[in-house]
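Listing of entry.txt, compact mmCIF, C-alpha atoms
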```
# COMPACT_ATOMS: atom_id res chain seq x y z
CA MET A 178 11.38 96.53 -66.26
CA VAL A 179 13.33 96.85 -62.98
CA TYR A 180 13.49 93.05 -62.65
CA ALA A 181 15.01 92.87 -66.12
CA ALA A 182 17.50 95.60 -65.20
CA ASP A 183 18.32 93.75 -61.99
CA HIS A 184 19.12 90.65 -64.05
CA LEU A 185 21.31 92.55 -66.53
CA TYR A 186 23.29 94.77 -64.16
CA ASP A 187 24.94 93.43 -61.03
CA ASP A 188 26.28 96.73 -59.61
CA PHE A 189 22.91 98.09 -58.46
CA ASP A 190 19.98 96.39 -56.72
CA PHE A 191 17.13 97.55 -58.94
CA LYS A 192 14.37 95.31 -57.58
CA ASP A 193 14.78 96.50 -53.98
CA GLU A 194 17.09 99.50 -53.47
CA PHE A 195 16.06 101.31 -56.67
CA ILE A 196 12.31 100.77 -56.25
CA VAL A 197 12.33 101.76 -52.58
CA LEU A 198 14.38 104.92 -53.20
CA TYR A 199 12.70 106.16 -56.36
CA ASP A 200 9.16 104.73 -56.32
CA LEU A 201 7.90 103.43 -52.98
CA LEU A 202 9.07 106.31 -50.78
CA ASP A 203 7.82 108.89 -53.31
CA ALA A 204 4.47 107.12 -53.31
CA MET A 205 4.27 107.15 -49.51
CA GLU A 206 5.09 110.85 -49.36
CA LYS A 207 2.13 111.55 -51.66
CA ASP A 208 -0.13 108.89 -50.14
CA GLY A 209 0.39 109.91 -46.50
CA GLY A 210 -1.81 112.98 -46.69
CA THR A 211 -5.56 113.44 -46.39
CA GLU A 212 -5.66 114.71 -49.99
CA SER A 213 -4.62 111.30 -51.35
CA ARG A 214 -7.01 108.94 -53.13
CA ALA A 215 -7.53 105.23 -53.58
CA ALA A 216 -5.54 103.56 -56.36
CA ILE A 217 -8.77 102.14 -57.83
CA HIS A 218 -10.87 105.22 -58.43
CA ASN A 219 -13.90 105.93 -60.63
CA PRO A 220 -13.34 109.33 -62.31
CA GLN A 221 -16.42 111.43 -62.96
CA SER A 222 -15.01 114.01 -65.39
CA LYS A 223 -12.32 114.58 -68.00
CA GLY A 224 -10.28 116.49 -65.43
CA GLU A 225 -10.44 113.59 -62.97
CA ILE A 226 -9.36 111.20 -65.72
CA MET A 227 -6.30 113.35 -66.50
CA ASN A 228 -5.44 113.53 -62.80
CA LEU A 229 -5.18 109.74 -62.66
CA PHE A 230 -1.79 109.88 -64.43
CA ASP A 231 0.07 110.63 -61.21
CA THR A 232 2.26 109.25 -58.43
CA ILE A 233 -0.63 107.31 -56.88
CA THR A 234 -1.28 105.43 -60.12
CA TYR A 235 2.31 104.72 -61.12
CA GLN A 236 4.63 104.72 -58.09
CA ARG A 237 2.04 103.50 -55.61
CA GLY A 238 0.60 101.03 -58.10
CA GLY A 239 4.07 99.69 -58.91
CA SER A 240 4.87 99.34 -55.20
CA ILE A 241 1.67 97.36 -54.63
CA PHE A 242 2.51 95.05 -57.56
CA ARG A 243 5.97 94.53 -56.06
CA MET A 244 4.25 93.58 -52.82
CA ILE A 245 2.01 91.10 -54.66
CA TYR A 246 5.06 89.62 -56.40
CA ASN A 247 6.70 88.99 -53.04
CA ILE A 248 3.54 87.58 -51.43
CA VAL A 249 2.89 84.91 -54.08
CA GLY A 250 6.51 84.37 -55.16
CA PRO A 251 8.19 84.70 -58.60
CA GLY A 252 6.95 81.38 -60.05
CA SER A 253 3.30 81.86 -59.10
CA PHE A 254 3.40 85.51 -60.18
CA ARG A 255 4.68 84.62 -63.67
CA ALA A 256 2.14 81.80 -63.97
CA ALA A 257 -0.68 84.15 -62.96
CA LEU A 258 0.35 86.81 -65.49
CA HIS A 259 0.65 84.17 -68.24
CA ASN A 260 -2.87 82.91 -67.51
CA TYR A 261 -4.22 86.46 -67.22
CA LEU A 262 -2.81 87.52 -70.60
CA SER A 263 -3.95 84.27 -72.23
CA ASP A 264 -7.47 84.35 -70.78
CA TYR A 265 -8.13 88.00 -71.63
CA GLN A 266 -6.26 88.54 -74.89
CA TYR A 267 -8.31 90.64 -77.34
CA SER A 268 -10.71 91.37 -74.48
CA THR A 269 -11.17 93.64 -71.47
CA ALA A 270 -10.35 92.78 -67.88
CA THR A 271 -10.54 94.21 -64.38
CA MET A 272 -8.42 94.00 -61.25
CA ALA A 273 -10.78 91.28 -60.02
CA ASP A 274 -9.82 89.15 -63.04
CA LEU A 275 -6.12 89.54 -62.24
CA ASN A 276 -6.80 88.71 -58.59
CA ARG A 277 -8.56 85.51 -59.66
CA CYS A 278 -5.53 84.43 -61.69
CA LEU A 279 -3.24 85.22 -58.75
CA GLU A 280 -5.46 83.24 -56.35
CA GLU A 281 -5.48 80.24 -58.70
CA ALA A 282 -1.69 80.34 -59.05
CA SER A 283 -1.14 80.78 -55.30
CA PRO A 284 -3.98 79.15 -53.29
CA GLY A 285 -4.37 80.38 -49.74
CA SER A 286 -2.47 83.63 -50.32
CA HIS A 287 -5.53 85.84 -49.56
CA ILE A 288 -4.54 88.03 -52.50
CA THR A 289 -8.00 89.41 -53.26
CA GLU A 290 -8.68 90.55 -49.69
CA THR A 291 -5.15 91.93 -49.31
CA VAL A 292 -5.04 93.77 -52.64
CA ASP A 293 -8.53 95.25 -52.26
CA ARG A 294 -7.57 96.82 -48.95
CA PHE A 295 -4.46 98.39 -50.45
CA THR A 296 -6.11 99.61 -53.66
CA ARG A 297 -9.68 100.56 -52.66
CA GLN A 298 -8.79 102.89 -49.78
CA LYS A 299 -6.26 105.69 -49.65
CA ASN A 300 -3.21 105.97 -47.38
CA PHE A 301 -1.40 102.96 -45.95
CA PRO A 302 -0.82 101.19 -42.61
CA LEU A 303 1.49 102.11 -39.77
CA VAL A 304 2.45 98.75 -38.26
CA HIS A 305 3.58 98.71 -34.61
CA VAL A 306 5.87 95.84 -33.61
CA SER A 307 6.87 95.00 -30.04
CA MET A 308 8.41 91.91 -28.49
CA ILE A 309 6.35 90.25 -25.76
CA ASN A 310 9.12 87.77 -24.99
CA SER A 311 11.88 85.96 -26.91
CA THR A 312 9.40 83.92 -28.97
CA HIS A 313 6.27 86.08 -29.35
CA VAL A 314 5.71 89.47 -30.97
CA ARG A 315 2.73 91.80 -30.93
CA VAL A 316 1.83 93.35 -34.29
CA ARG A 317 -0.90 95.98 -34.46
CA GLN A 318 -1.90 98.45 -37.14
CA GLU A 319 -3.36 101.90 -37.59
CA ARG A 320 -3.80 104.30 -40.46
CA PHE A 321 -0.71 106.42 -41.15
CA LEU A 322 -1.12 110.13 -41.80
CA TYR A 323 1.42 112.93 -41.67
CA SER A 324 -1.30 115.03 -40.05
CA ASP A 325 -4.55 113.84 -38.42
CA ARG A 326 -6.25 117.14 -39.20
CA LYS A 327 -9.51 116.70 -41.12
CA ALA A 328 -8.91 113.00 -41.64
CA GLU A 329 -11.97 111.57 -43.40
CA GLN A 330 -13.24 108.11 -42.51
CA ASP A 331 -14.51 107.33 -46.04
CA SER A 332 -13.17 103.80 -46.35
CA PRO A 333 -15.05 100.59 -47.20
CA TYR A 334 -12.66 98.76 -44.84
CA ASN A 335 -12.56 101.36 -42.05
CA TYR A 336 -8.86 101.93 -42.77
CA THR A 337 -7.75 98.46 -41.79
CA TRP A 338 -5.55 96.21 -43.90
CA TYR A 339 -4.43 92.62 -44.26
CA ILE A 340 -0.77 92.95 -43.29
CA PRO A 341 1.80 90.82 -45.20
CA PHE A 342 4.39 90.20 -42.49
CA THR A 343 8.02 89.09 -42.78
CA TYR A 344 10.84 89.66 -40.34
CA THR A 345 14.54 89.46 -39.52
CA THR A 346 15.89 88.73 -36.03
CA ASP A 347 19.30 88.09 -34.54
CA SER A 348 18.46 84.39 -35.00
CA GLU A 349 17.21 84.25 -38.60
CA ARG A 350 15.70 86.00 -41.60
CA ASN A 351 12.18 84.78 -42.38
CA ASP A 352 10.88 85.71 -45.87
CA GLU A 353 7.86 83.42 -45.61
CA VAL A 354 4.90 85.80 -45.80
CA MET A 355 2.26 85.66 -43.06
CA ILE A 356 -1.01 87.51 -43.73
CA LEU A 357 -2.17 89.15 -40.51
CA LYS A 358 -5.90 89.81 -40.79
CA GLU A 359 -6.65 91.39 -37.43
CA LYS A 360 -6.00 94.89 -36.21
CA ASP A 361 -4.03 93.43 -33.29
CA ASN A 362 -2.09 90.16 -33.71
CA ILE A 363 0.29 87.91 -31.79
CA VAL A 364 2.99 86.27 -33.94
CA LYS A 365 5.08 83.33 -32.80
CA LEU A 366 8.67 83.45 -34.00
CA ARG A 367 10.26 80.32 -35.44
CA LYS A 368 13.36 80.78 -33.26
CA PRO A 369 13.94 82.67 -29.98
CA ALA A 370 15.30 86.17 -30.58
CA THR A 371 16.58 89.28 -28.83
CA TRP A 372 15.56 91.87 -31.43
CA ILE A 373 13.26 91.98 -34.46
CA LYS A 374 13.11 94.06 -37.63
CA ALA A 375 9.90 93.68 -39.69
CA ASN A 376 9.07 93.94 -43.41
CA ASN A 377 12.20 92.52 -45.05
CA ASP A 378 13.67 94.86 -47.68
CA MET A 379 10.52 97.02 -47.39
CA ARG A 380 8.80 94.76 -49.90
CA MET A 381 5.39 95.44 -48.37
CA TYR A 382 3.64 98.79 -48.59
CA TYR A 383 3.63 100.08 -45.02
CA ILE A 384 5.69 101.91 -42.41
CA THR A 385 6.93 100.07 -39.32
CA ASN A 386 7.26 101.53 -35.83
CA TYR A 387 8.68 99.90 -32.71
CA ASP A 388 8.50 100.76 -29.05
CA HIS A 389 11.47 102.66 -27.64
CA ILE A 390 13.17 99.52 -26.33
CA GLU A 391 13.02 97.78 -29.74
CA TRP A 392 14.31 100.85 -31.58
CA ARG A 393 17.23 100.99 -29.13
CA LYS A 394 18.05 97.33 -29.82
CA LEU A 395 18.11 97.98 -33.56
CA TYR A 396 20.29 101.05 -33.05
CA HIS A 397 22.82 99.12 -30.95
CA GLN A 398 22.94 96.36 -33.58
CA LEU A 399 23.62 98.93 -36.30
CA MET A 400 26.42 100.46 -34.26
CA LYS A 401 27.89 97.02 -33.57
CA ASN A 402 27.60 95.67 -37.14
CA HIS A 403 25.24 97.37 -39.56
CA THR A 404 25.85 94.78 -42.31
CA VAL A 405 23.72 92.28 -40.36
CA PHE A 406 20.86 94.07 -42.11
CA SER A 407 20.57 94.21 -45.89
CA THR A 408 21.22 97.59 -47.51
CA THR A 409 17.51 97.98 -48.27
CA ASP A 410 16.62 97.13 -44.66
CA ARG A 411 18.91 99.94 -43.53
CA VAL A 412 17.22 102.29 -45.99
CA GLN A 413 13.85 101.21 -44.63
CA MET A 414 14.73 101.87 -41.00
CA LEU A 415 15.98 105.36 -41.88
CA ALA A 416 12.90 106.06 -44.04
CA ASP A 417 10.51 104.83 -41.34
CA LEU A 418 12.21 107.03 -38.73
CA LEU A 419 12.15 110.06 -41.02
CA ASN A 420 8.47 109.57 -41.82
CA LEU A 421 7.61 109.06 -38.15
CA ALA A 422 9.56 112.17 -37.14
CA THR A 423 7.87 114.20 -39.88
CA ALA A 424 4.48 113.04 -38.56
CA GLU A 425 5.65 113.97 -35.02
CA LYS A 426 5.22 110.39 -33.85
CA LEU A 427 8.86 110.05 -32.76
CA PRO A 428 11.32 112.46 -31.04
CA ILE A 429 13.72 114.13 -33.45
CA ASN A 430 16.57 113.68 -30.95
CA PHE A 431 16.31 109.92 -31.28
CA LEU A 432 16.24 110.22 -35.09
CA LEU A 433 19.49 112.19 -35.02
CA GLN A 434 21.10 109.67 -32.69
CA PHE A 435 20.00 106.74 -34.88
CA ILE A 436 21.32 108.41 -38.02
CA SER A 437 24.77 108.71 -36.45
CA TYR A 438 25.43 105.07 -37.45
CA LEU A 439 25.93 106.42 -41.00
CA LYS A 440 29.50 107.36 -40.08
CA GLU A 441 30.28 103.69 -40.75
CA GLU A 442 27.99 103.34 -43.80
CA ARG A 443 29.62 102.85 -47.20
CA GLU A 444 26.57 102.11 -49.36
CA PHE A 445 24.88 104.73 -51.51
CA ALA A 446 21.21 104.01 -50.76
CA PRO A 447 21.17 104.72 -46.98
CA TRP A 448 23.14 107.92 -47.54
CA LYS A 449 20.70 108.89 -50.29
CA ILE A 450 17.62 108.67 -48.08
CA ALA A 451 19.37 110.57 -45.25
CA ALA A 452 20.78 113.30 -47.50
CA ASP A 453 17.44 113.84 -49.23
CA HIS A 454 15.54 114.37 -45.99
CA LEU A 455 17.81 115.24 -43.08
CA THR A 456 18.69 118.87 -43.81
CA GLY A 457 15.13 119.74 -44.78
CA LEU A 458 13.68 118.00 -41.73
CA ILE A 459 16.07 119.75 -39.34
CA SER A 460 15.41 123.13 -40.93
CA HIS A 461 11.67 122.57 -40.69
CA ARG A 462 11.69 121.50 -37.06
CA MET A 463 14.29 123.98 -35.76
CA SER A 464 14.38 127.74 -35.51
CA SER A 465 16.68 129.74 -37.77
CA ALA A 466 19.04 130.30 -34.83
CA GLU A 467 19.63 126.54 -34.67
CA ASN A 468 20.41 126.03 -38.35
CA TYR A 469 24.13 126.58 -37.79
CA ALA A 470 24.17 123.74 -35.26
CA ALA A 471 22.30 121.59 -37.79
CA LYS A 472 25.01 122.22 -40.39
CA ILE A 473 27.69 121.25 -37.89
CA PHE A 474 25.82 118.01 -37.20
CA VAL A 475 25.67 117.11 -40.91
CA ARG A 476 29.31 118.08 -41.48
CA ASP A 477 30.40 115.79 -38.67
CA LEU A 478 28.15 113.01 -39.96
CA ILE A 479 29.58 113.01 -43.49
CA ASP A 480 33.18 113.96 -42.63
CA ALA A 481 34.90 110.53 -42.70
CA ARG A 482 33.03 109.21 -45.76
CA LEU A 483 33.45 112.49 -47.67
CA LYS A 484 37.21 112.49 -47.11
CA GLU A 485 37.27 108.88 -48.33
CA VAL A 486 35.28 109.38 -51.53
CA LEU A 487 37.18 112.53 -52.50
CA GLN A 488 40.28 110.33 -52.80
CA TRP A 489 38.57 108.20 -55.45
CA ASN A 490 39.05 108.95 -59.12
CA THR A 491 36.02 109.88 -61.19
CA SER A 492 36.37 107.14 -63.79
CA TYR A 493 33.16 105.97 -65.43
CA LYS A 494 34.55 102.44 -65.07
CA LYS A 495 33.92 102.57 -61.32
CA PRO A 496 30.74 100.82 -60.07
CA ILE A 497 27.70 103.03 -60.44
CA LYS A 498 26.95 103.04 -56.70
CA GLU A 499 30.44 104.35 -55.89
CA ARG A 500 30.06 107.16 -58.43
CA LEU A 501 26.62 108.03 -57.05
CA LEU A 502 27.92 108.05 -53.47
CA GLN A 503 30.85 110.28 -54.42
CA PHE A 504 28.58 112.85 -56.08
CA LEU A 505 25.96 112.68 -53.29
CA LEU A 506 28.42 113.31 -50.46
CA LEU A 507 30.15 116.07 -52.39
CA ASP A 508 26.80 117.76 -53.06
CA THR A 509 25.75 117.39 -49.41
CA GLY A 510 29.10 118.75 -48.27
CA MET A 511 28.63 121.84 -50.43
CA GLN A 512 25.18 122.42 -48.96
CA VAL A 513 26.56 122.47 -45.42
CA ASP A 514 29.79 124.33 -46.30
CA HIS A 515 32.13 121.43 -45.54
CA THR A 516 35.69 122.73 -46.08
CA ASP A 517 36.91 119.66 -48.00
CA ALA A 518 33.94 119.77 -50.38
CA VAL A 519 34.31 123.50 -51.02
CA GLN A 520 38.06 123.20 -51.67
CA PHE A 521 37.54 120.21 -53.99
CA VAL A 522 35.00 122.12 -56.09
CA ASP A 523 37.25 125.21 -56.15
CA ARG A 524 40.07 123.06 -57.56
CA LEU A 525 37.76 121.67 -60.24
CA ASN A 526 36.69 125.20 -61.19
CA PHE A 527 40.32 126.28 -61.41
CA ILE A 528 41.25 123.32 -63.63
CA SER A 529 38.28 123.93 -65.96
CA ARG A 530 39.26 127.56 -66.63
```
What is this structure when it is put down as C-alpha cells?
Amino acid sequence: MVYAADHLYDDFDFKDEFIVLYDLLDAMEKDGGTESRAAIHNPQSKGEIMNLFDTITYQRGGSIFRMIYNIVGPGSFRAALHNYLSDYQYSTATMADLNRCLEEASPGSHITETVDRFTRQKNFPLVHVSMINSTHVRVRQERFLYSDRKAEQDSPYNYTWYIPFTYTTDSERNDEVMILKEKDNIVKLRKPATWIKANNDMRMYYITNYDHIEWRKLYHQLMKNHTVFSTTDRVQMLADLLNLATAEKLPINFLLQFISYLKEEREFAPWKIAADHLTGLISHRMSSAENYAAKIFVRDLIDARLKEVLQWNTSYKKPIKERLLQFLLLDTGMQVDHTDAVQFVDRLNFISR
C-alpha cells in the first residue's frame, strides 16, 4: 500500500520516511523490551491468538518485509510474490514457502537464514560500526534491549542475526546489500572514506551505534551540510541516538549536542522524531528542578524554524510536509511556552470568537 501511495503522491516519501516514522520505530519501541515475542509464534490458547493482532505482527512484520524487499530488490521481490501466489492459490502456505520463492527469485541472497533470525527470535540487533582505517570497517552485533534486567536467553539462534549491511560515506553511497553472517565482521569499503553512516534509509531492521569518534564525524558533517544525508538517514541517526540514550548506552549530553543541528533542518520527518521524544526523554532523565532548563533548550532549538513557519499561510494547497511541519512546530512551541507560538494561538482564538 505505501509503495502505491509513494507512486501516486510526490510530496511525501511514503516508502521510507512514512514507514520509518509510523511503523518501524513504533515496532522497535515495542520490540526492544524483554516482554516482546518472536514474530512467528505458536499460540496455545484463544487469548494468545487474539494477542497476535498487535504491533509485533503488523508494524514489525511490515518492517521486516520492507527489509526483504530491499535485500532482494524490487524486480526479484515482485517475481517471488507472483510465483508464491500462483503456486499456492486455493491452498495453504507457510513462511518457508515464501522464503523458497524469494530464494529462487534471488539466488545467493541468504533470505531464509536472514528472515528466520529476524522472525523466530524476539528483539533486534544493535550493530556497532567503527572505522579501522580509510578502507576497512569493523561491524559487530549484539542484542538490543532497553533494559538488560531479566533478559531471557530463549533463542534458537542465541540472539545473533545475519546483518544486511549498506552504507554511505563521504566518498559514495553503496546500496548493494552485504549479508554479514558473523557476530564480528571486517568490511572492505569500495572507496577510501573519512566517515561512514550505515543502514541506508534505515531499510534494515536494526539500530546502529558508532564509537565516539565516528559519531563526532557524523555530527560535524551534519553541521557543515546536513543535506549530504537523505532525510530518512537523518531521521535514523536521531532515532538511533534517542534509543541509545533511552537504553543508557550513550550520554544524554552528546544527544542534546547532536540534536542542535536541527536549527538548520527544514524537513518535517527529522523534526517529528525529535519532537516526539526529546521533551519526554529530558523530563525522564532530569529532576523536576531541571525541567525549566529543558524548556529553554527546546525553545532555543525550535526558535528560528518556528518563526519561519508562522509566516506561512495555512492553505491546503501547500505541500503536505510543509503543513505538517508548521503544525508540529506550533504544537511543540505551545508545550514549551514559546512566546511566538502562544501569541499566534491567542490571535487565532481571538479571530474565531
Using atom CA of A:Pro251 and atom CA of A:Ala282 as the two end points, give the distance in Å to one decimal. 10.8 Å
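Of note, atom CA of A:Lys472 and atom CA of A:Met511 are spaced 10.7 Å apart.
Restricting the calculation to only C-alpha atoms, the smallest distance between A:Ile450 and any of A:Gly250, A:Ile479, A:Glu425, A:Leu419 is found for A:Leu419.
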Nearest to A:Asn310: which of A:Arg482, A:Lys365, A:Lys495, A:Lys374 is it, counting all atoms listed in the file? A:Lys365
Taking 4 positions as the minimum chain separation for residues in the same chain, which residues sit within 9 Å of stretch 335-338 of chain A when counting all atoms listed in the file? Answer as an NGL selection string. :A and (290-291 or 293-295 or 298-302 or 318-320 or 330-331 or 357-360)
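One distance worth recording is that between atom CA of A:Val522 and atom CA of A:Gly510, which is 10.4 Å.
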Using only C-alpha atoms, which of the listed residues (A:Ile288, A:Leu229, A:Ser263, A:Val486) sits closest to A:Tyr246? A:Ile288
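Across A:Asp347, A:Glu353, A:Asp208, A:Asp388, the tightest approach to A:Lys368 is made by A:Asp347 when counting all atoms listed in the file.
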Residues near A:Glu444, anyone? I mean within 8 Å using all atoms listed in the file, not counting same-chain ones fewer than 2 positions away, as a short mmCIF file (atom, residue, chain, number, x, y, z; two decimals) with C-alpha atoms, in the frame of the given file.
```cif
data_model
loop_
_atom_site.label_atom_id
_atom_site.label_comp_id
_atom_site.auth_asym_id
_atom_site.auth_seq_id
_atom_site.Cartn_x
_atom_site.Cartn_y
_atom_site.Cartn_z
CA THR A 408 21.22 97.59 -47.51
CA GLU A 442 27.99 103.34 -43.80
CA ALA A 446 21.21 104.01 -50.76
CA PRO A 447 21.17 104.72 -46.98
CA TRP A 448 23.14 107.92 -47.54
CA LYS A 498 26.95 103.04 -56.70
CA GLU A 499 30.44 104.35 -55.89
CA LEU A 502 27.92 108.05 -53.47
#
```
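Of the listed residues A:Leu322, A:Ala204, A:Ala215, A:Val314, the one whose atoms come nearest to A:Thr423 is A:Leu322, with distances taken using only C-alpha atoms.
Each of A:Leu506, A:Leu202, A:Leu366, A:Ile248 was checked against A:Lys449 using only C-alpha atoms; the smallest atom-to-atom distance is that of A:Leu506.
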Contacts of A:Thr516 at 12 Å or less, counting only C-alpha atoms, minus same-chain residues fewer than 4 places along, as a VMD selection string? chain A and resid 473 476 to 477 479 to 480 483 to 484 507 509 to 512 520 to 523
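The list of residues with at least one atom within 12 Å of A:Asn260, based on all atoms listed in the file and without residues fewer than 6 positions apart in the same chain, reads Ser253, Phe254, Gln266, Asp274, Leu275, Asn276, Arg277, Cys278, Leu279, Glu280, Glu281 and Ala282 of chain A.
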